[in-house]
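Participant: One structure is given below, represented as structure tokens, and several questions about it will come after.
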Amino acid sequence: MQTNPEIVITGAGVVCPIGVGVEPFWDSMLSGRSGIRRLDWDGDGQLLHPFGGAVTQFEPGRYVRPRKNLKVMSREIQMGVAAADMACAAAKIAGSVDPERLGVVFGADMMVTELEELVGAYRACLAEGKVELRTWGEKALPEMFPLWMLKYLPNMPACHIGIAHDARGPNNTHTLGEVSGLTALAEAFYVLQRGQADVMVAGAVSSRIHPLTMARYCALPLSRRSDAPAAACRPFDANRDGMVLGEGAAAFVLETRQRAESRGATVWAKVLGCANVFEPSETSPARRAQGIRRAIEKVLKMTGLSPNEIGHVNAHGLSTVDDDRFEAWAIHEVLGDVPVTAPKSFFGNLGAGGGAVELVASVLALRHGLVPPTLNFERPDPACPIRVVHREPLPQSRPAALALNHSASGHAVGVVLAAADR
């Protein structure tokens, strides 16, 4: 009887508010250094939120080649390409794989145009102080960059990564909100198990701190702790008051263990299984808890693991009153007193890119034997009966980690990783 090949991670890259590269990222997590800060605009708390998780010290020209390609890449695309470049460099896959057997699957949100790119177009359509949309085709389009649309299509991160690394195998994009990163990794996992590729680059990218995006999300439960931004995102804490928005990207190189060992690659972690479920919850948010529970149960059954083999849960940890309560209930019901860490406390809700960035924390936790703490957890909430790792890192005493993400629309995803030598 043929068994499925073992799938491993041999490289990772990250661009996020707490670091560009896995080393700065991991140092920030172990040091308890937040990436949430006041933003550059003057927000009034209604349309423009005054703080968030912004990426700083990012030099896209170091990762995008040729540099002229930068002009057809939005900020999100640049971050995604950079994360993938780091992952491929870490895995040392250049020249080691048939291009037709190298694939890419990436998650992304809808991308919003930079406002300055539209100024000339809008001004061309002004008539007596008002924009005449009926003249847009005639007057506005000539004022816009001819390749404008290519800068903002959500499938372009996967396309540019494919071009940059001559990946001619499977290429796909997921736009499923907060679960996009984990579903992208899950698809890469199954593509490899089916033998449709030898190596896959999987990850996700998004930014939710663009002014127009901020305006869209202002109706959601956002934290109002503008006096202390670094303390604003506090998953599962009794004094949490809402989520924080941010931006970021992460990518991983996946391949079979047999192939990795044959070329002498370093295995960072193993992917044991992935579960993706849907529980309609837009009209009944409490059903979200059932979806999360089903995802946990399904991935445990798929991997054959018992709850006591999970060393830590990498929680969605949104930092809203209800969402954390639903997730904590699901974790407690299935896994009991398992240690839980919530990486969003460091950088906020990154949207589609969040799950991938958060997963880097668990990959490194398994590699280094330490579970990073949750920031800002000071007062336990009786409505969240889980053991939150806080104050300092916790030794990873069990062989596996479970990463969770879910979305307001009802998707819930669980991915189980294990240490390389398990």
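So you can find residues: chains in the structure tokens are A, B, ... in the order shown, residues in each start at 1, and ligands are numbered from 1 in order.
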Could you give me the residues within stretch 229-360 of chain A that DSSP places in strand (DSSP E or B), as a ChimeraX atom specification?
Facilitator: /A:237,243,245-256,269-278,310-314,339-341,349
Participant: Generate a file of the selected residues that holds C-alpha atoms, formatted as a compact mmCIF listing (two decimals), in the first residue's frame.
Facilitator:
```txt
# COMPACT_ATOMS: atom_id res chain seq x y z
CA ASP A 237 -6.73 39.40 27.94
CA MET A 243 -8.16 44.38 16.95
CA LEU A 245 -4.59 46.38 11.68
CA GLY A 246 -1.23 45.82 10.05
CA GLU A 247 0.66 44.62 6.98
CA GLY A 248 3.12 41.88 6.14
CA ALA A 249 4.12 38.83 4.12
CA ALA A 250 5.71 35.43 4.65
CA ALA A 251 6.66 32.53 2.40
CA PHE A 252 7.86 28.95 2.75
CA VAL A 253 9.57 26.41 0.53
CA LEU A 254 7.98 22.96 0.74
CA GLU A 255 9.22 19.66 -0.70
CA THR A 256 9.26 15.98 0.15
CA ALA A 269 9.82 21.56 10.20
CA LYS A 270 7.39 18.93 8.91
CA VAL A 271 3.84 19.59 7.73
CA LEU A 272 1.75 16.74 9.13
CA GLY A 273 -1.68 17.79 7.90
CA CYS A 274 -4.13 20.54 7.03
CA ALA A 275 -7.89 20.90 7.57
CA ASN A 276 -10.18 23.48 5.96
CA VAL A 277 -13.83 23.75 7.01
CA PHE A 278 -16.68 26.20 6.60
CA ILE A 310 0.19 19.17 20.67
CA GLY A 311 2.94 21.26 22.20
CA HIS A 312 1.34 24.61 21.49
CA VAL A 313 -1.50 26.26 19.61
CA ASN A 314 -0.69 29.23 17.42
CA PRO A 339 -0.25 26.19 25.83
CA VAL A 340 -1.54 28.92 23.50
CA THR A 341 0.40 31.76 21.88
CA ASN A 349 -4.28 41.60 12.00
```
Participant: Please extract the residues of stretch 155-294 of chain A with a backbone DSSP assignment of helix (DSSP H, G or I) and present them as a PyMOL selection string.
Facilitator: chain A and resi 156-164+177-193+211-217+229-231+257-262+287-294
Participant: Can I get the selection written as a short mmCIF file (atom, residue, chain, number, x, y, z; two decimals), in the first residue's frame, with N, CA and C atoms?
Facilitator:
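Output below, filename out.cif:
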```cif
data_model
loop_
_atom_site.label_atom_id
_atom_site.label_comp_id
_atom_site.auth_asym_id
_atom_site.auth_seq_id
_atom_site.Cartn_x
_atom_site.Cartn_y
_atom_site.Cartn_z
N MET A 156 -1.01 38.84 -8.74
CA MET A 156 0.33 39.21 -9.22
C MET A 156 1.49 38.81 -8.30
N PRO A 157 1.32 38.73 -6.97
CA PRO A 157 2.45 38.21 -6.19
C PRO A 157 2.89 36.83 -6.65
N ALA A 158 1.93 35.93 -6.86
CA ALA A 158 2.27 34.58 -7.33
C ALA A 158 2.91 34.64 -8.72
N CYS A 159 2.39 35.52 -9.57
CA CYS A 159 2.95 35.65 -10.92
C CYS A 159 4.39 36.14 -10.88
N HIS A 160 4.65 37.20 -10.13
CA HIS A 160 6.01 37.75 -10.06
C HIS A 160 6.98 36.76 -9.42
N ILE A 161 6.52 36.02 -8.42
CA ILE A 161 7.39 35.02 -7.79
C ILE A 161 7.73 33.93 -8.81
N GLY A 162 6.72 33.51 -9.58
CA GLY A 162 6.95 32.52 -10.61
C GLY A 162 7.96 32.98 -11.64
N ILE A 163 7.83 34.24 -12.06
CA ILE A 163 8.76 34.79 -13.05
C ILE A 163 10.17 34.89 -12.47
N ALA A 164 10.26 35.40 -11.24
CA ALA A 164 11.57 35.62 -10.63
C ALA A 164 12.35 34.32 -10.44
N GLY A 177 -9.42 36.16 2.62
CA GLY A 177 -9.27 36.91 3.86
C GLY A 177 -8.21 36.31 4.77
N GLU A 178 -8.50 36.27 6.07
CA GLU A 178 -7.51 35.88 7.06
C GLU A 178 -7.04 34.43 6.95
N VAL A 179 -7.76 33.58 6.25
CA VAL A 179 -7.32 32.18 6.13
C VAL A 179 -6.46 31.93 4.89
N SER A 180 -6.22 32.96 4.10
CA SER A 180 -5.53 32.78 2.81
C SER A 180 -4.14 32.16 2.95
N GLY A 181 -3.39 32.56 3.96
CA GLY A 181 -2.03 32.05 4.12
C GLY A 181 -2.00 30.56 4.40
N LEU A 182 -2.85 30.10 5.32
CA LEU A 182 -2.86 28.68 5.66
C LEU A 182 -3.47 27.84 4.55
N THR A 183 -4.48 28.38 3.85
CA THR A 183 -5.03 27.59 2.74
C THR A 183 -4.04 27.49 1.59
N ALA A 184 -3.21 28.52 1.40
CA ALA A 184 -2.17 28.45 0.37
C ALA A 184 -1.16 27.37 0.72
N LEU A 185 -0.76 27.32 1.98
CA LEU A 185 0.19 26.29 2.39
C LEU A 185 -0.44 24.91 2.25
N ALA A 186 -1.73 24.80 2.59
CA ALA A 186 -2.43 23.52 2.47
C ALA A 186 -2.47 23.06 1.02
N GLU A 187 -2.74 23.98 0.09
CA GLU A 187 -2.76 23.59 -1.32
C GLU A 187 -1.39 23.11 -1.77
N ALA A 188 -0.35 23.82 -1.36
CA ALA A 188 1.01 23.39 -1.72
C ALA A 188 1.30 22.00 -1.17
N PHE A 189 0.86 21.74 0.04
CA PHE A 189 1.03 20.44 0.69
C PHE A 189 0.39 19.33 -0.15
N TYR A 190 -0.84 19.56 -0.59
CA TYR A 190 -1.54 18.53 -1.36
C TYR A 190 -0.99 18.39 -2.79
N VAL A 191 -0.54 19.48 -3.38
CA VAL A 191 0.08 19.39 -4.71
C VAL A 191 1.31 18.47 -4.64
N LEU A 192 2.11 18.62 -3.59
CA LEU A 192 3.30 17.79 -3.43
C LEU A 192 2.92 16.34 -3.15
N GLN A 193 1.91 16.14 -2.31
CA GLN A 193 1.50 14.76 -2.03
C GLN A 193 0.99 14.06 -3.28
N PRO A 211 -4.96 54.02 3.72
CA PRO A 211 -6.07 54.87 4.18
C PRO A 211 -7.45 54.38 3.75
N LEU A 212 -7.60 53.94 2.51
CA LEU A 212 -8.91 53.48 2.06
C LEU A 212 -9.31 52.18 2.74
N THR A 213 -8.32 51.32 3.01
CA THR A 213 -8.61 50.09 3.73
C THR A 213 -9.00 50.39 5.16
N MET A 214 -8.29 51.33 5.78
CA MET A 214 -8.63 51.74 7.14
C MET A 214 -10.07 52.25 7.20
N ALA A 215 -10.45 53.06 6.22
CA ALA A 215 -11.81 53.60 6.20
C ALA A 215 -12.83 52.48 6.09
N ARG A 216 -12.49 51.44 5.32
CA ARG A 216 -13.40 50.31 5.16
C ARG A 216 -13.59 49.54 6.45
N TYR A 217 -12.51 49.40 7.23
CA TYR A 217 -12.57 48.59 8.43
C TYR A 217 -12.90 49.39 9.69
N PRO A 229 -0.11 52.42 21.78
CA PRO A 229 -0.32 51.50 20.66
C PRO A 229 0.29 50.12 20.86
N ALA A 230 1.49 50.05 21.44
CA ALA A 230 2.15 48.75 21.60
C ALA A 230 1.37 47.83 22.54
N ALA A 231 0.52 48.40 23.38
CA ALA A 231 -0.28 47.60 24.32
C ALA A 231 -1.70 47.38 23.81
N ARG A 257 10.44 15.09 2.03
CA ARG A 257 11.65 14.84 2.83
C ARG A 257 12.70 14.10 2.01
N GLN A 258 12.26 13.13 1.21
CA GLN A 258 13.20 12.37 0.40
C GLN A 258 14.02 13.28 -0.50
N ARG A 259 13.34 14.24 -1.13
CA ARG A 259 14.04 15.15 -2.03
C ARG A 259 14.96 16.07 -1.25
N ALA A 260 14.46 16.59 -0.11
CA ALA A 260 15.27 17.50 0.71
C ALA A 260 16.55 16.82 1.18
N GLU A 261 16.43 15.58 1.64
CA GLU A 261 17.61 14.88 2.14
C GLU A 261 18.57 14.52 1.00
N SER A 262 18.01 14.22 -0.16
CA SER A 262 18.88 13.84 -1.28
C SER A 262 19.76 15.00 -1.75
N ARG A 287 -21.52 30.69 15.80
CA ARG A 287 -21.23 29.47 15.05
C ARG A 287 -19.76 29.39 14.66
N ARG A 288 -19.06 30.53 14.74
CA ARG A 288 -17.63 30.53 14.43
C ARG A 288 -16.89 29.56 15.34
N ALA A 289 -17.32 29.46 16.59
CA ALA A 289 -16.69 28.54 17.54
C ALA A 289 -16.81 27.10 17.06
N GLN A 290 -17.96 26.77 16.49
CA GLN A 290 -18.14 25.41 15.99
C GLN A 290 -17.22 25.13 14.81
N GLY A 291 -17.05 26.12 13.94
CA GLY A 291 -16.14 25.95 12.81
C GLY A 291 -14.71 25.73 13.26
N ILE A 292 -14.25 26.51 14.24
CA ILE A 292 -12.89 26.35 14.76
C ILE A 292 -12.73 24.97 15.39
N ARG A 293 -13.74 24.57 16.15
CA ARG A 293 -13.68 23.25 16.78
C ARG A 293 -13.60 22.15 15.73
N ARG A 294 -14.40 22.24 14.69
CA ARG A 294 -14.38 21.23 13.63
C ARG A 294 -13.02 21.17 12.94
#
```
Participant: A:Arg62, A:His411, A:Arg101, A:Arg134: which is nearest A:Glu279, counting only C-alpha atoms?
Facilitator: A:His411
Participant: Can you pull out the residues contacting stretch 24-33 of chain A? Cut-off 8 Å, using only C-alpha atoms, and skip same-chain residues under 2 positions away; I want them as a PyMOL selection string.
Facilitator: chain A and resi 14+16+18-22+35+346+361+364+372-373+375+392-393
Participant: Can you pull out every residue within 7 Å of stretch 318-327 of chain A, counting only C-alpha atoms, but drop anything in the same chain fewer than 3 positions away, and send it as a compact mmCIF listing (two decimals) with N, CA, C and O atoms, in the first residue's frame?
Facilitator:
```txt
# COMPACT_ATOMS: atom_id res chain seq x y z
N PRO A 221 -14.63 46.18 15.18
CA PRO A 221 -14.18 46.47 16.55
C PRO A 221 -12.67 46.65 16.63
O PRO A 221 -11.91 45.70 16.84
N CYS A 233 -3.02 45.55 21.11
CA CYS A 233 -3.45 44.21 20.69
C CYS A 233 -3.15 43.25 21.83
O CYS A 233 -1.99 42.95 22.12
N ARG A 234 -4.20 42.76 22.48
CA ARG A 234 -4.02 41.94 23.68
C ARG A 234 -4.95 40.72 23.64
O ARG A 234 -5.95 40.66 24.37
N PRO A 235 -4.65 39.76 22.77
CA PRO A 235 -5.50 38.58 22.64
C PRO A 235 -5.75 37.86 23.95
O PRO A 235 -4.83 37.65 24.75
N PHE A 236 -7.00 37.52 24.18
CA PHE A 236 -7.48 36.73 25.31
C PHE A 236 -7.36 37.44 26.66
O PHE A 236 -7.77 36.88 27.68
N ARG A 240 -9.03 43.42 26.76
CA ARG A 240 -8.92 43.65 25.31
C ARG A 240 -10.12 44.50 24.85
O ARG A 240 -11.23 44.37 25.37
N ASP A 241 -9.88 45.36 23.87
CA ASP A 241 -10.97 46.21 23.40
C ASP A 241 -11.09 46.24 21.89
O ASP A 241 -11.83 47.06 21.33
N GLY A 242 -10.37 45.37 21.18
CA GLY A 242 -10.51 45.35 19.74
C GLY A 242 -9.20 45.01 19.04
O GLY A 242 -8.12 45.00 19.64
N MET A 243 -9.33 44.76 17.74
CA MET A 243 -8.16 44.38 16.95
C MET A 243 -7.34 45.59 16.53
O MET A 243 -7.77 46.74 16.64
N ALA A 286 -21.65 33.24 16.77
CA ALA A 286 -21.35 32.17 17.73
C ALA A 286 -21.03 30.86 17.02
O ALA A 286 -20.32 30.01 17.57
N ARG A 288 -19.06 30.53 14.74
CA ARG A 288 -17.63 30.53 14.43
C ARG A 288 -16.89 29.56 15.34
O ARG A 288 -15.94 28.89 14.92
N ALA A 289 -17.32 29.46 16.59
CA ALA A 289 -16.69 28.54 17.54
C ALA A 289 -16.81 27.10 17.06
O ALA A 289 -15.87 26.30 17.19
N ILE A 292 -14.25 26.51 14.24
CA ILE A 292 -12.89 26.35 14.76
C ILE A 292 -12.73 24.97 15.39
O ILE A 292 -11.73 24.28 15.17
N ALA A 330 -13.35 26.79 21.71
CA ALA A 330 -13.07 25.67 20.82
C ALA A 330 -11.75 24.99 21.19
O ALA A 330 -11.66 23.75 21.23
N ILE A 331 -10.72 25.77 21.48
CA ILE A 331 -9.42 25.20 21.85
C ILE A 331 -9.56 24.39 23.13
O ILE A 331 -9.07 23.25 23.24
N LYS A 344 -0.46 37.73 16.80
CA LYS A 344 -1.03 39.03 16.43
C LYS A 344 -0.75 40.10 17.49
O LYS A 344 -0.78 41.29 17.19
N ASN A 349 -3.61 42.39 13.02
CA ASN A 349 -4.28 41.60 12.00
C ASN A 349 -3.78 42.03 10.63
O ASN A 349 -4.12 43.11 10.14
N ALA A 383 -13.91 34.03 30.53
CA ALA A 383 -14.60 33.58 29.33
C ALA A 383 -13.65 32.96 28.31
O ALA A 383 -14.11 32.43 27.29
N CYS A 384 -12.34 33.02 28.58
CA CYS A 384 -11.33 32.43 27.69
C CYS A 384 -10.50 31.43 28.50
O CYS A 384 -9.37 31.73 28.91
```
Participant: Using atom CA of A:Ile9 and atom CA of A:Val81 as the two end points, give the distance in Å to one decimal.
Facilitator: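 So the answer is 18.1 Å.
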Participant: Hey, which of A:Pro50, A:Gly410, A:Gly13, A:Pro395 ends up closest to A:Arg224? Count only C-alpha atoms.
Facilitator: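 That would be A:Pro50, the residue with the smallest distance to A:Arg224.
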Participant: Using only C-alpha atoms, can you tell me which of A:Ala127, A:Leu222, A:Ala108, A:Ala91 comes closest to A:Asn172?
Facilitator: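 With only C-alpha atoms as the atom set, the closest residue is A:Ala108.
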Participant: Can you tell me which residues surround A:Val119 at a distance of at most 10 Å, considering only C-alpha atoms, apart from same-chain residues fewer than 5 positions away, and format the answer as a PyMOL selection string?
Facilitator: chain A and resi 114+124+140+143-144
Participant: Save out the residues we just selected, N, CA and C atoms, as a tab-separated table (two decimals), in the first residue's frame.
Facilitator:
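Saved to again20.tsv:
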```tsv
chain	number	residue	atom	x	y	z
A	114	GLU	N	-2.63	53.36	-4.62
A	114	GLU	CA	-2.08	54.50	-3.89
A	114	GLU	C	-2.77	55.77	-4.37
A	124	ALA	N	-8.52	65.64	-13.90
A	124	ALA	CA	-8.89	65.79	-15.31
A	124	ALA	C	-10.40	65.73	-15.51
A	140	ALA	N	-9.74	60.74	-17.93
A	140	ALA	CA	-8.96	60.23	-16.80
A	140	ALA	C	-7.93	59.18	-17.22
A	143	GLU	N	-4.39	59.93	-18.10
A	143	GLU	CA	-3.56	60.45	-17.01
A	143	GLU	C	-2.99	59.34	-16.12
A	144	MET	N	-3.38	58.09	-16.39
A	144	MET	CA	-2.98	57.00	-15.52
A	144	MET	C	-1.85	56.18	-16.14
```
Participant: At what distance in Å, to one decimal, does atom CA of A:Thr374 lie from atom CA of A:Val389?
Facilitator: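 Separating atom CA of A:Val389 from atom CA of A:Thr374 is a distance of 5.8 Å.
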Participant: To one decimal place, how far is atom CA of A:Ala121 from atom CA of A:Leu133 in Å?
Facilitator: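 Atom CA of A:Leu133 lies 10.5 Å from atom CA of A:Ala121.
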Participant: Pick out the closest residue to A:Leu359 from this set: A:Arg38, A:Lys68, A:His316, A:Arg379. Count only C-alpha atoms.
Facilitator: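 For A:Leu359, the nearest of the candidates is A:His316.
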